[in-house]
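Chemist: Below is the file data31.cif, with mmCIF, C-alpha atoms.
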```
data_model
#
loop_
_atom_site.label_atom_id
_atom_site.label_comp_id
_atom_site.auth_asym_id
_atom_site.auth_seq_id
_atom_site.Cartn_x
_atom_site.Cartn_y
_atom_site.Cartn_z
CA MET A 1 24.38 21.14 6.92
CA GLN A 2 23.11 20.61 10.44
CA VAL A 3 24.88 18.52 13.00
CA THR A 4 22.94 17.60 16.10
CA SER A 5 25.85 17.33 18.56
CA GLN A 6 26.88 20.38 20.58
CA ARG A 7 30.34 20.86 19.16
CA LYS A 8 30.95 20.97 15.46
CA PRO A 9 33.17 18.15 14.18
CA ARG A 10 36.43 19.29 12.66
CA GLY A 11 39.10 18.11 10.26
CA PRO A 12 38.82 14.92 8.18
CA TYR A 13 35.74 13.73 10.10
CA ARG A 14 33.82 16.90 9.26
CA LYS A 15 34.91 16.59 5.64
CA GLY A 16 33.59 13.03 5.56
CA ILE A 17 30.20 14.16 6.89
CA GLU A 18 30.03 16.94 4.32
CA ARG A 19 30.96 14.57 1.51
CA ARG A 20 28.32 12.06 2.63
CA GLU A 21 25.77 14.87 2.75
CA GLN A 22 26.71 15.96 -0.78
CA ILE A 23 26.31 12.41 -2.10
CA LEU A 24 22.99 12.00 -0.30
CA LYS A 25 21.57 15.20 -1.81
CA THR A 26 22.79 14.14 -5.25
CA ALA A 27 21.26 10.65 -4.79
CA LEU A 28 17.92 12.23 -3.83
CA ASP A 29 18.01 14.22 -7.07
CA VAL A 30 18.99 11.25 -9.20
CA PHE A 31 16.39 8.91 -7.67
CA ALA A 32 13.64 11.55 -7.62
CA GLN A 33 13.10 11.33 -11.35
CA HIS A 34 13.59 7.68 -12.28
CA GLY A 35 13.89 5.66 -9.09
CA ASP A 36 16.52 2.98 -8.73
CA ARG A 37 17.90 2.04 -12.12
CA GLY A 38 20.97 0.06 -13.08
CA SER A 39 22.70 3.29 -14.07
CA SER A 40 21.76 5.31 -10.95
CA LEU A 41 24.93 4.65 -8.98
CA GLN A 42 27.17 5.62 -11.91
CA GLU A 43 25.16 8.81 -12.39
CA ILE A 44 25.58 9.74 -8.73
CA ALA A 45 29.30 8.92 -8.90
CA ASP A 46 29.74 11.08 -12.04
CA ARG A 47 27.96 14.03 -10.48
CA VAL A 48 30.05 14.05 -7.31
CA GLY A 49 33.31 13.15 -9.08
CA LEU A 50 33.86 9.78 -7.40
CA SER A 51 33.94 6.15 -8.50
CA GLN A 52 30.96 3.91 -7.63
CA ALA A 53 33.12 2.32 -4.91
CA GLY A 54 33.96 5.80 -3.66
CA VAL A 55 30.26 6.62 -3.31
CA LEU A 56 29.46 3.37 -1.53
CA HIS A 57 32.37 3.90 0.87
CA TYR A 58 30.24 6.52 2.61
CA PHE A 59 27.23 4.23 3.04
CA GLY A 60 28.57 0.68 3.23
CA SER A 61 26.43 -0.73 0.41
CA ARG A 62 24.01 0.18 -2.35
CA GLU A 63 21.13 -0.97 -0.11
CA GLU A 64 22.24 1.31 2.72
CA LEU A 65 22.44 4.23 0.29
CA LEU A 66 18.84 3.60 -0.84
CA LEU A 67 17.72 3.45 2.76
CA ALA A 68 19.58 6.67 3.60
CA VAL A 69 17.75 8.36 0.71
CA LEU A 70 14.36 7.30 2.07
CA GLU A 71 15.32 8.31 5.60
CA ARG A 72 16.31 11.74 4.33
CA ARG A 73 13.05 12.05 2.40
CA ASP A 74 11.12 11.22 5.57
CA ARG A 75 13.07 13.88 7.46
CA LEU A 76 12.38 16.50 4.81
CA ASP A 77 8.70 15.53 4.78
CA SER A 78 8.47 15.79 8.56
CA GLU A 79 10.02 19.25 8.47
CA VAL A 80 7.21 20.30 6.13
CA ALA A 81 4.69 18.50 8.34
CA ASN A 82 5.81 20.47 11.39
CA GLU A 83 4.55 23.63 9.71
CA VAL A 84 1.06 22.18 9.29
CA GLN A 85 -1.24 21.79 12.27
CA ASN A 86 -3.31 18.85 11.07
CA PRO A 87 -1.55 15.47 10.49
CA GLY A 88 -3.94 14.68 7.64
CA ASP A 89 -3.06 17.94 5.90
CA ALA A 90 0.63 17.15 6.31
CA VAL A 91 0.17 13.77 4.62
CA ALA A 92 -1.88 15.35 1.81
CA GLN A 93 0.91 17.87 1.30
CA THR A 94 3.55 15.13 1.24
CA VAL A 95 1.50 13.12 -1.26
CA ARG A 96 1.11 16.17 -3.47
CA HIS A 97 4.85 16.76 -3.31
CA ASN A 98 5.46 13.08 -4.16
CA THR A 99 3.69 13.41 -7.50
CA GLU A 100 6.66 15.57 -8.55
CA GLN A 101 9.13 12.87 -7.50
CA PRO A 102 7.86 9.66 -9.11
CA GLY A 103 11.27 8.05 -8.75
CA LEU A 104 11.22 8.38 -4.96
CA VAL A 105 7.68 6.96 -4.89
CA LYS A 106 8.88 3.96 -6.91
CA LEU A 107 11.87 3.55 -4.62
CA PHE A 108 9.66 3.71 -1.53
CA VAL A 109 7.10 1.23 -2.90
CA ALA A 110 9.83 -1.26 -3.90
CA LEU A 111 11.81 -0.98 -0.68
CA SER A 112 8.83 -1.03 1.70
CA ALA A 113 7.48 -4.16 -0.02
CA ALA A 114 10.85 -5.91 0.14
CA ALA A 115 11.33 -4.86 3.76
CA THR A 116 8.24 -6.76 4.90
CA ASP A 117 10.57 -9.80 4.87
CA PRO A 118 11.99 -10.01 8.42
CA ALA A 119 15.38 -10.95 6.94
CA HIS A 120 15.57 -7.73 4.85
CA HIS A 121 18.16 -5.17 5.96
CA ALA A 122 15.49 -2.41 6.08
CA HIS A 123 12.89 -4.41 8.04
CA GLY A 124 13.67 -2.69 11.33
CA PHE A 125 13.72 0.74 9.72
CA PHE A 126 10.25 0.33 8.23
CA ALA A 127 8.76 -1.32 11.33
CA ASP A 128 10.01 1.64 13.43
CA ARG A 129 8.92 4.12 10.77
CA TYR A 130 5.28 3.03 10.81
CA ARG A 131 5.13 2.72 14.58
CA ASN A 132 6.58 6.21 15.07
CA LEU A 133 4.50 7.86 12.34
CA ALA A 134 1.33 6.17 13.60
CA ASP A 135 2.06 7.47 17.12
CA VAL A 136 2.71 11.04 15.98
CA ILE A 137 -0.38 11.11 13.74
CA ALA A 138 -2.59 9.51 16.40
CA ARG A 139 -1.54 12.15 18.93
CA GLY A 140 -2.36 14.90 16.42
CA LEU A 141 -5.77 13.37 15.76
CA GLU A 142 -6.44 13.00 19.48
CA GLU A 143 -5.81 16.71 19.94
CA GLY A 144 -8.34 17.29 17.18
CA GLN A 145 -10.79 15.04 19.00
CA TRP A 146 -10.34 17.04 22.21
CA ASP A 147 -11.07 20.35 20.52
CA GLY A 148 -13.93 18.93 18.45
CA ARG A 149 -12.44 19.12 14.94
CA VAL A 150 -11.88 15.37 14.52
CA ARG A 151 -14.65 12.79 14.92
CA ALA A 152 -14.53 11.19 18.33
CA ASP A 153 -16.60 8.11 17.50
CA GLU A 154 -13.57 6.29 16.04
CA GLN A 155 -10.18 5.52 17.59
CA ALA A 156 -7.44 8.01 16.72
CA GLU A 157 -4.95 5.12 16.41
CA HIS A 158 -7.12 3.40 13.79
CA MET A 159 -7.53 6.61 11.81
CA ALA A 160 -3.76 7.19 12.00
CA ARG A 161 -2.97 3.72 10.65
CA LEU A 162 -5.62 4.20 7.95
CA LEU A 163 -4.11 7.51 6.91
CA LEU A 164 -0.70 5.86 6.46
CA ALA A 165 -2.29 2.95 4.58
CA VAL A 166 -4.20 5.36 2.32
CA SER A 167 -1.00 7.16 1.45
CA ASP A 168 0.89 3.92 0.69
CA GLY A 169 -1.94 2.23 -1.16
CA LEU A 170 -2.66 5.26 -3.35
CA GLN A 171 1.00 5.38 -4.39
CA ILE A 172 0.65 1.93 -5.97
CA GLN A 173 -2.58 2.90 -7.73
CA TRP A 174 -1.01 6.14 -8.93
CA LEU A 175 2.08 4.43 -10.34
CA LEU A 176 -0.29 2.11 -12.25
CA ASP A 177 -2.46 5.03 -13.38
CA PRO A 178 -0.77 8.45 -13.12
CA SER A 179 -4.04 10.23 -13.97
CA LEU A 180 -5.24 9.49 -10.43
CA ASP A 181 -5.34 12.54 -8.15
CA MET A 182 -3.77 10.99 -5.03
CA ALA A 183 -3.71 14.21 -3.02
CA ALA A 184 -7.42 14.90 -3.64
CA MET A 185 -8.21 11.42 -2.37
CA VAL A 186 -6.15 11.93 0.78
CA GLU A 187 -8.13 15.14 1.29
CA THR A 188 -11.35 13.15 0.92
CA PHE A 189 -10.08 10.80 3.64
CA ASN A 190 -9.18 13.77 5.84
CA ARG A 191 -12.71 15.16 5.57
CA MET A 192 -14.04 11.73 6.53
CA CYS A 193 -12.01 12.06 9.75
CA LEU A 194 -13.70 15.34 10.68
CA ALA A 195 -16.41 15.65 13.27
CA TRP A 196 -19.90 16.03 11.88
CA ALA A 197 -20.32 19.70 11.10
CA GLY A 198 -24.09 20.09 11.42
CA PRO A 199 -27.35 19.13 9.71
CA GLU A 200 -26.92 21.54 6.79
CA GLU A 201 -23.99 19.59 5.41
CA GLN A 202 -25.39 16.09 5.31
CA GLU A 203 -28.89 14.71 5.65
CA PRO A 204 -29.40 12.55 8.68
CA GLU A 205 -30.58 9.10 7.69
CA PRO A 206 -33.69 7.50 9.24
CA THR A 207 -32.41 3.91 9.44
CA ARG A 208 -29.07 2.20 9.44
CA MET B 209 -13.82 -27.06 -12.09
CA GLN B 210 -15.77 -24.49 -14.04
CA VAL B 211 -15.22 -23.78 -17.68
CA THR B 212 -16.86 -20.70 -19.10
CA SER B 213 -17.36 -21.92 -22.68
CA GLN B 214 -20.64 -23.57 -23.62
CA ARG B 215 -19.35 -27.01 -24.48
CA LYS B 216 -17.10 -28.91 -22.16
CA PRO B 217 -13.65 -29.55 -23.63
CA ARG B 218 -12.78 -33.19 -24.15
CA GLY B 219 -9.75 -35.45 -24.56
CA PRO B 220 -6.16 -34.29 -24.06
CA TYR B 221 -7.19 -30.63 -23.95
CA ARG B 222 -9.55 -31.27 -21.06
CA LYS B 223 -6.85 -33.26 -19.28
CA GLY B 224 -4.46 -30.34 -19.70
CA ILE B 225 -6.96 -27.94 -18.15
CA GLU B 226 -7.55 -30.29 -15.23
CA ARG B 227 -3.83 -30.70 -14.68
CA ARG B 228 -3.30 -26.95 -14.76
CA GLU B 229 -6.13 -26.54 -12.26
CA GLN B 230 -4.57 -29.15 -9.96
CA ILE B 231 -1.21 -27.35 -10.08
CA LEU B 232 -2.87 -23.98 -9.45
CA LYS B 233 -4.70 -25.24 -6.37
CA THR B 234 -1.50 -26.81 -5.08
CA ALA B 235 0.43 -23.58 -5.73
CA LEU B 236 -2.20 -21.60 -3.80
CA ASP B 237 -1.70 -23.96 -0.84
CA VAL B 238 2.09 -23.81 -1.04
CA PHE B 239 2.23 -20.02 -1.36
CA ALA B 240 -0.48 -19.40 1.24
CA GLN B 241 1.83 -20.23 4.10
CA HIS B 242 5.25 -18.90 3.13
CA GLY B 243 4.88 -16.85 -0.03
CA ASP B 244 7.35 -17.21 -2.87
CA ARG B 245 10.49 -18.95 -1.65
CA GLY B 246 13.35 -20.49 -3.57
CA SER B 247 11.98 -23.94 -2.74
CA SER B 248 8.32 -23.21 -3.63
CA LEU B 249 8.43 -24.51 -7.19
CA GLN B 250 10.08 -27.79 -6.14
CA GLU B 251 7.47 -28.24 -3.43
CA ILE B 252 4.63 -27.74 -5.92
CA ALA B 253 6.32 -30.13 -8.37
CA ASP B 254 6.73 -32.78 -5.66
CA ARG B 255 3.12 -32.53 -4.58
CA VAL B 256 1.71 -32.96 -8.10
CA GLY B 257 4.31 -35.52 -9.18
CA LEU B 258 5.97 -33.48 -11.92
CA SER B 259 9.37 -31.92 -12.49
CA GLN B 260 9.75 -28.12 -12.10
CA ALA B 261 9.83 -27.85 -15.90
CA GLY B 262 6.69 -29.98 -16.05
CA VAL B 263 4.89 -27.54 -13.72
CA LEU B 264 6.04 -24.48 -15.67
CA HIS B 265 4.93 -26.08 -18.95
CA TYR B 266 1.34 -25.29 -17.92
CA PHE B 267 2.02 -21.63 -17.22
CA GLY B 268 4.92 -20.59 -19.43
CA SER B 269 7.13 -19.23 -16.65
CA ARG B 270 7.49 -18.92 -12.91
CA GLU B 271 6.24 -15.31 -13.15
CA GLU B 272 3.09 -16.40 -14.99
CA LEU B 273 2.45 -19.05 -12.34
CA LEU B 274 2.68 -16.42 -9.59
CA LEU B 275 0.30 -14.19 -11.51
CA ALA B 276 -2.14 -17.06 -12.06
CA VAL B 277 -2.12 -17.69 -8.30
CA LEU B 278 -3.03 -14.05 -7.57
CA GLU B 279 -5.71 -14.06 -10.29
CA ARG B 280 -7.24 -17.16 -8.75
CA ARG B 281 -7.14 -15.60 -5.29
CA ASP B 282 -8.95 -12.54 -6.65
CA ARG B 283 -11.59 -14.79 -8.20
CA LEU B 284 -12.11 -16.69 -4.96
CA ASP B 285 -12.32 -13.39 -3.04
CA SER B 286 -14.87 -11.99 -5.49
CA GLU B 287 -17.02 -15.11 -5.09
CA VAL B 288 -17.09 -14.43 -1.36
CA ALA B 289 -17.74 -10.74 -2.04
CA ASN B 290 -20.80 -11.58 -4.14
CA GLU B 291 -22.48 -12.99 -1.05
CA VAL B 292 -22.03 -9.73 0.85
CA GLN B 293 -24.15 -6.69 0.03
CA ASN B 294 -21.73 -3.96 1.05
CA PRO B 295 -18.40 -3.63 -0.82
CA GLY B 296 -16.67 -2.44 2.34
CA ASP B 297 -17.83 -5.54 4.23
CA ALA B 298 -16.53 -7.70 1.39
CA VAL B 299 -13.09 -6.10 1.65
CA ALA B 300 -13.09 -6.47 5.45
CA GLN B 301 -13.95 -10.15 5.01
CA THR B 302 -11.17 -10.62 2.45
CA VAL B 303 -8.68 -8.88 4.73
CA ARG B 304 -9.73 -11.08 7.65
CA HIS B 305 -9.29 -14.16 5.45
CA ASN B 306 -5.86 -12.88 4.34
CA THR B 307 -4.52 -12.95 7.90
CA GLU B 308 -4.72 -16.75 7.60
CA GLN B 309 -2.71 -16.72 4.37
CA PRO B 310 0.33 -14.56 5.12
CA GLY B 311 2.22 -16.08 2.19
CA LEU B 312 -0.35 -14.87 -0.31
CA VAL B 313 -0.26 -11.41 1.28
CA LYS B 314 3.53 -11.38 0.87
CA LEU B 315 3.22 -12.55 -2.71
CA PHE B 316 0.64 -9.86 -3.48
CA VAL B 317 2.68 -7.08 -1.85
CA ALA B 318 5.85 -8.10 -3.71
CA LEU B 319 4.19 -8.58 -7.09
CA SER B 320 2.00 -5.45 -6.98
CA ALA B 321 5.03 -3.33 -6.06
CA ALA B 322 7.14 -4.82 -8.87
CA ALA B 323 4.26 -4.45 -11.34
CA THR B 324 4.19 -0.66 -10.92
CA ASP B 325 7.08 -0.73 -13.43
CA PRO B 326 5.43 -0.38 -16.88
CA ALA B 327 7.94 -2.93 -18.24
CA HIS B 328 6.85 -5.61 -15.74
CA HIS B 329 4.89 -8.56 -17.17
CA ALA B 330 2.08 -8.08 -14.62
CA HIS B 331 1.71 -4.31 -15.12
CA GLY B 332 -1.39 -4.64 -17.29
CA PHE B 333 -2.97 -7.17 -14.96
CA PHE B 334 -2.63 -4.88 -11.94
CA ALA B 335 -3.69 -1.74 -13.80
CA ASP B 336 -6.86 -3.55 -14.96
CA ARG B 337 -7.38 -5.07 -11.53
CA TYR B 338 -7.52 -1.73 -9.73
CA ARG B 339 -9.63 -0.05 -12.41
CA ASN B 340 -12.17 -2.90 -12.35
CA LEU B 341 -12.28 -3.26 -8.58
CA ALA B 342 -12.61 0.51 -8.14
CA ASP B 343 -15.54 0.51 -10.59
CA VAL B 344 -17.35 -2.35 -8.89
CA ILE B 345 -16.83 -0.90 -5.40
CA ALA B 346 -17.82 2.61 -6.51
CA ARG B 347 -21.07 1.29 -7.97
CA GLY B 348 -21.81 -0.54 -4.72
CA LEU B 349 -21.14 2.62 -2.71
CA GLU B 350 -23.31 4.68 -5.06
CA GLU B 351 -26.21 2.32 -4.43
CA GLY B 352 -25.60 2.87 -0.73
CA GLN B 353 -25.65 6.63 -1.32
CA TRP B 354 -28.99 6.36 -3.12
CA ASP B 355 -30.63 4.47 -0.29
CA GLY B 356 -29.05 6.62 2.40
CA ARG B 357 -26.67 4.13 4.03
CA VAL B 358 -23.46 5.64 2.63
CA ARG B 359 -22.46 9.29 3.11
CA ALA B 360 -23.33 11.32 0.03
CA ASP B 361 -21.05 14.28 0.76
CA GLU B 362 -18.01 12.48 -0.71
CA GLN B 363 -17.51 10.93 -4.14
CA ALA B 364 -18.14 7.19 -4.32
CA GLU B 365 -15.14 6.81 -6.65
CA HIS B 366 -12.82 8.43 -4.12
CA MET B 367 -14.11 6.23 -1.31
CA ALA B 368 -13.69 3.17 -3.53
CA ARG B 369 -10.06 4.01 -4.32
CA LEU B 370 -9.46 4.75 -0.64
CA LEU B 371 -10.91 1.39 0.38
CA LEU B 372 -8.52 -0.41 -1.99
CA ALA B 373 -5.62 1.72 -0.75
CA VAL B 374 -6.53 0.98 2.87
CA SER B 375 -6.52 -2.72 2.19
CA ASP B 376 -3.14 -2.63 0.38
CA GLY B 377 -1.48 -0.24 2.80
CA LEU B 378 -2.59 -2.16 5.89
CA GLN B 379 -1.10 -5.35 4.44
CA ILE B 380 2.35 -3.75 4.50
CA GLN B 381 1.88 -2.50 8.07
CA TRP B 382 0.58 -5.92 9.13
CA LEU B 383 3.53 -7.79 7.60
CA LEU B 384 5.81 -5.42 9.55
CA ASP B 385 3.77 -5.83 12.74
CA PRO B 386 1.48 -8.90 12.76
CA SER B 387 -0.16 -7.75 16.00
CA LEU B 388 -2.10 -5.16 13.98
CA ASP B 389 -5.80 -5.95 13.55
CA MET B 390 -6.15 -5.12 9.83
CA ALA B 391 -9.76 -6.22 9.55
CA ALA B 392 -10.86 -4.06 12.51
CA MET B 393 -9.23 -1.07 10.83
CA VAL B 394 -11.00 -1.75 7.54
CA GLU B 395 -14.23 -1.87 9.56
CA THR B 396 -13.35 1.52 11.05
CA PHE B 397 -12.92 2.86 7.53
CA ASN B 398 -16.25 1.34 6.49
CA ARG B 399 -18.04 3.10 9.34
CA MET B 400 -16.42 6.36 8.25
CA CYS B 401 -18.10 5.83 4.85
CA LEU B 402 -21.55 5.60 6.43
CA ALA B 403 -24.08 8.41 6.38
CA TRP B 404 -24.41 10.28 9.63
CA ALA B 405 -26.76 8.27 11.79
CA GLY B 406 -28.21 10.96 14.03
CA PRO B 407 -27.27 13.27 16.90
CA GLU B 408 -27.21 10.53 19.56
CA GLU B 409 -24.11 8.92 18.02
CA GLN B 410 -21.86 11.92 17.71
CA GLU B 411 -21.95 15.39 19.11
CA PRO B 412 -22.32 18.10 16.52
CA GLU B 413 -19.43 20.55 16.69
CA PRO B 414 -19.87 24.32 16.88
CA THR B 415 -16.97 25.36 14.65
CA ARG B 416 -14.87 23.77 11.97
#
```
Can you give me the file's structure in the form of structure tokens?
Modeler:
Amino acid sequence: MQVTSQRKPRGPYRKGIERREQILKTALDVFAQHGDRGSSLQEIADRVGLSQAGVLHYFGSREELLLAVLERRDRLDSEVANEVQNPGDAVAQTVRHNTEQPGLVKLFVALSAAATDPAHHAHGFFADRYRNLADVIARGLEEGQWDGRVRADEQAEHMARLLLAVSDGLQIQWLLDPSLDMAAMVETFNRMCLAWAGPEEQEPEPTR
Amino acid sequence: MQVTSQRKPRGPYRKGIERREQILKTALDVFAQHGDRGSSLQEIADRVGLSQAGVLHYFGSREELLLAVLERRDRLDSEVANEVQNPGDAVAQTVRHNTEQPGLVKLFVALSAAATDPAHHAHGFFADRYRNLADVIARGLEEGQWDGRVRADEQAEHMARLLLAVSDGLQIQWLLDPSLDMAAMVETFNRMCLAWAGPEEQEPEPTR
């Protein structure tokens, strides 16, 4: 477990953090397969040896637990993304990983849709999430534009927002039809973001 | 009102169809602004001079009414799309129109997310919807590939699925941040689907 502050917390406080971390990891496992079901909370409670109320004590509410799970997933995804140079490749990798965790995809789709309501408890989280991700991806694409890998005839910010939209939209299509190869389609989008590689790859067209 | 059968229905049956149509148009209006609220059904009932039960009589349930509203919206959108040659332009036009109907966007986002559950009553509708739309759009893009407008180095089916994903994903981002210009971003995507227009528009890159 990593704690960001300089000094390590000690005593009961540290135990509480460790317990919360244990529950969070267990919840990720439980949700990864089936998403949020009526029985999910009991399953998490059973696995960590607590009551449902005991589990929720560490998060405040069921809703906050779900949100904590998605936050953690984002953090794990971004750790993977840091190892990949290209933001598009990072998203493709995340999407590929997601196909092994259909439950988390379902949870994300349900919660992000509900959170579009300004009164929803996760509205701020998702608004920040997209703004921050769009910024990070746009900066990565801009770097690619500077060194000639990424097409410079379109705005990096637009391509960044499109990449996020592609990833979200394909999740819905994939849940409706699991035969769809989401990751291959993200890779198609990524190639569409590349600078034109030369006349041997695509015929120039006479008229537009 | 259009009826697809050869002979026009008469008598009480025809009256029932007309009444249903009146309710559907009213529901579209009511949902267009605010989406599905607790008070929506009463508002529809008031406007058409029926009780809530009287309204639901024509659709079976509140859920079926919501679905009928989205089906009708799709039909209206596809009528607009038929007037536009390029499938990407049709989607951009629909998206632009949607910014004037935030309630229908909310309704669509909520219902399409819920319908990813195979047990949901609208699961079949949405699965069919995406398969059919992807087919129609892919055929339109293929035509564009034949006559050199659309890039031929990527699969039309992938670009079609991406276009649908872009449109769905941007709706979520737009509901979270209404300052986003969804339609402009769809247009960016559409330009990325075009065949390379010639060296004056983009510099060829030396390495990839």
Chemist: Which residues would end up in the selection if the PyMOL selection byres ((chain B) within 6 of (chain A)) were applied here, given that I need the answer as a ChimeraX atom specification?
Modeler: /B:317-318,321,324,335,366,373-374,376-378,383-384,393,404-406,412-413
Chemist: Name all residues at most 9 Å from Arg72 in chain A (count only C-alpha atoms; drop same-chain ones fewer than 4 positions away) and give them as an MDAnalysis selection string.
Modeler: chainID A and resid 24:25 28 67:68 76:77
Chemist: Rounded to one decimal, what separation in Å do you get between CA of Ile225 in chain B and CA of Phe267 in chain B?
Modeler: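 Straight-line distance from CA of Ile225 in chain B to CA of Phe267 in chain B works out to 11.0 Å.
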Chemist: Please expand the PyMOL selection byres ((chain B and resi 243) around 9) into the concrete residues it hits in this file, giving the result as number ranges by chain.
Modeler: B: 238-242, 244-245, 248, 309-316
Chemist: What does the distance between CA of Glu350 in chain B and CA of Thr307 in chain B come to in Å, to one decimal place?
Modeler: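 Computing it gives 28.8 Å between the two atoms.
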Chemist: Nearest to Phe125 in chain A: which of A:Asn98, A:Ala92, A:Glu71, A:Asp29 is it, counting all atoms listed in the file?
Modeler: A:Glu71
Chemist: Within 12 Å of Arg283 in chain B, counting all atoms listed in the file, which residues qualify if same-chain residues fewer than 6 places away don't, as a ChimeraX atom specification?
Modeler: /B:276-277,289-290,302,337,341
Chemist: Just checking: using all atoms listed in the file, which residue out of B:Gly352, B:Arg228, B:Asp282, B:His328 ends up closest to Asn340 in chain B?
Modeler: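 Ranked by minimum distance to Asn340 in chain B, first place goes to B:Asp282.
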Chemist: Just the number, please: distance in Å from CA of Ala235 in chain B to CA of Asp343 in chain B, one decimal.
Modeler: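 It comes out at 29.3 Å.
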Chemist: Counting only C-alpha atoms, which residue out of A:Ala119, A:Arg10, A:Arg47, A:Gly60 sits closest to Gln22 in chain A?
Modeler: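 Closest to Gln22 in chain A of all the choices is A:Arg47.
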Chemist: Quick one: apply the PyMOL selection byres ((chain B and resi 259-265) around 10) to the file and drop the selected residues here as a ChimeraX atom specification.
Modeler: /B:227-228,231-232,235,248-254,256-258,266-273
Chemist: For range 166-171 of chain A, supply all heavy atoms and report the output as a PDB file, keeping the file's coordinate frame.
Modeler:
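Contents of rebuild-v7.pdb, freshly written:
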```
ATOM      1  N   VAL A 166      -3.660   4.620   3.464  1.00  0.00           N
ATOM      2  CA  VAL A 166      -4.200   5.360   2.320  1.00  0.00           C
ATOM      3  C   VAL A 166      -3.065   5.930   1.479  1.00  0.00           C
ATOM      4  O   VAL A 166      -3.040   5.790   0.249  1.00  0.00           O
ATOM      5  CB  VAL A 166      -5.127   6.489   2.836  1.00  0.00           C
ATOM      6  CG1 VAL A 166      -5.235   7.626   1.848  1.00  0.00           C
ATOM      7  CG2 VAL A 166      -6.511   5.918   3.178  1.00  0.00           C
ATOM      8  N   SER A 167      -2.111   6.532   2.158  1.00  0.00           N
ATOM      9  CA  SER A 167      -1.000   7.160   1.450  1.00  0.00           C
ATOM     10  C   SER A 167      -0.170   6.115   0.696  1.00  0.00           C
ATOM     11  O   SER A 167       0.172   6.285  -0.476  1.00  0.00           O
ATOM     12  CB  SER A 167      -0.188   7.966   2.467  1.00  0.00           C
ATOM     13  OG  SER A 167       1.142   8.043   2.106  1.00  0.00           O
ATOM     14  N   ASP A 168       0.120   4.978   1.347  1.00  0.00           N
ATOM     15  CA  ASP A 168       0.890   3.920   0.690  1.00  0.00           C
ATOM     16  C   ASP A 168       0.117   3.262  -0.443  1.00  0.00           C
ATOM     17  O   ASP A 168       0.649   3.027  -1.528  1.00  0.00           O
ATOM     18  CB  ASP A 168       1.274   2.824   1.698  1.00  0.00           C
ATOM     19  CG  ASP A 168       2.318   3.297   2.690  1.00  0.00           C
ATOM     20  OD1 ASP A 168       2.910   4.364   2.459  1.00  0.00           O
ATOM     21  OD2 ASP A 168       2.540   2.597   3.678  1.00  0.00           O
ATOM     22  N   GLY A 169      -1.135   2.939  -0.166  1.00  0.00           N
ATOM     23  CA  GLY A 169      -1.940   2.230  -1.160  1.00  0.00           C
ATOM     24  C   GLY A 169      -2.183   3.081  -2.400  1.00  0.00           C
ATOM     25  O   GLY A 169      -2.143   2.584  -3.533  1.00  0.00           O
ATOM     26  N   LEU A 170      -2.417   4.377  -2.194  1.00  0.00           N
ATOM     27  CA  LEU A 170      -2.660   5.260  -3.350  1.00  0.00           C
ATOM     28  C   LEU A 170      -1.410   5.394  -4.216  1.00  0.00           C
ATOM     29  O   LEU A 170      -1.524   5.582  -5.435  1.00  0.00           O
ATOM     30  CB  LEU A 170      -3.141   6.638  -2.884  1.00  0.00           C
ATOM     31  CG  LEU A 170      -4.565   6.704  -2.350  1.00  0.00           C
ATOM     32  CD1 LEU A 170      -4.881   8.122  -1.852  1.00  0.00           C
ATOM     33  CD2 LEU A 170      -5.596   6.293  -3.409  1.00  0.00           C
ATOM     34  N   GLN A 171      -0.231   5.296  -3.596  1.00  0.00           N
ATOM     35  CA  GLN A 171       1.000   5.380  -4.390  1.00  0.00           C
ATOM     36  C   GLN A 171       1.043   4.265  -5.441  1.00  0.00           C
ATOM     37  O   GLN A 171       1.436   4.497  -6.582  1.00  0.00           O
ATOM     38  CB  GLN A 171       2.224   5.263  -3.484  1.00  0.00           C
ATOM     39  CG  GLN A 171       2.458   6.514  -2.655  1.00  0.00           C
ATOM     40  CD  GLN A 171       3.773   6.459  -1.899  1.00  0.00           C
ATOM     41  OE1 GLN A 171       4.414   5.419  -1.816  1.00  0.00           O
ATOM     42  NE2 GLN A 171       4.185   7.573  -1.357  1.00  0.00           N
TER      43      GLN A 171
END
```
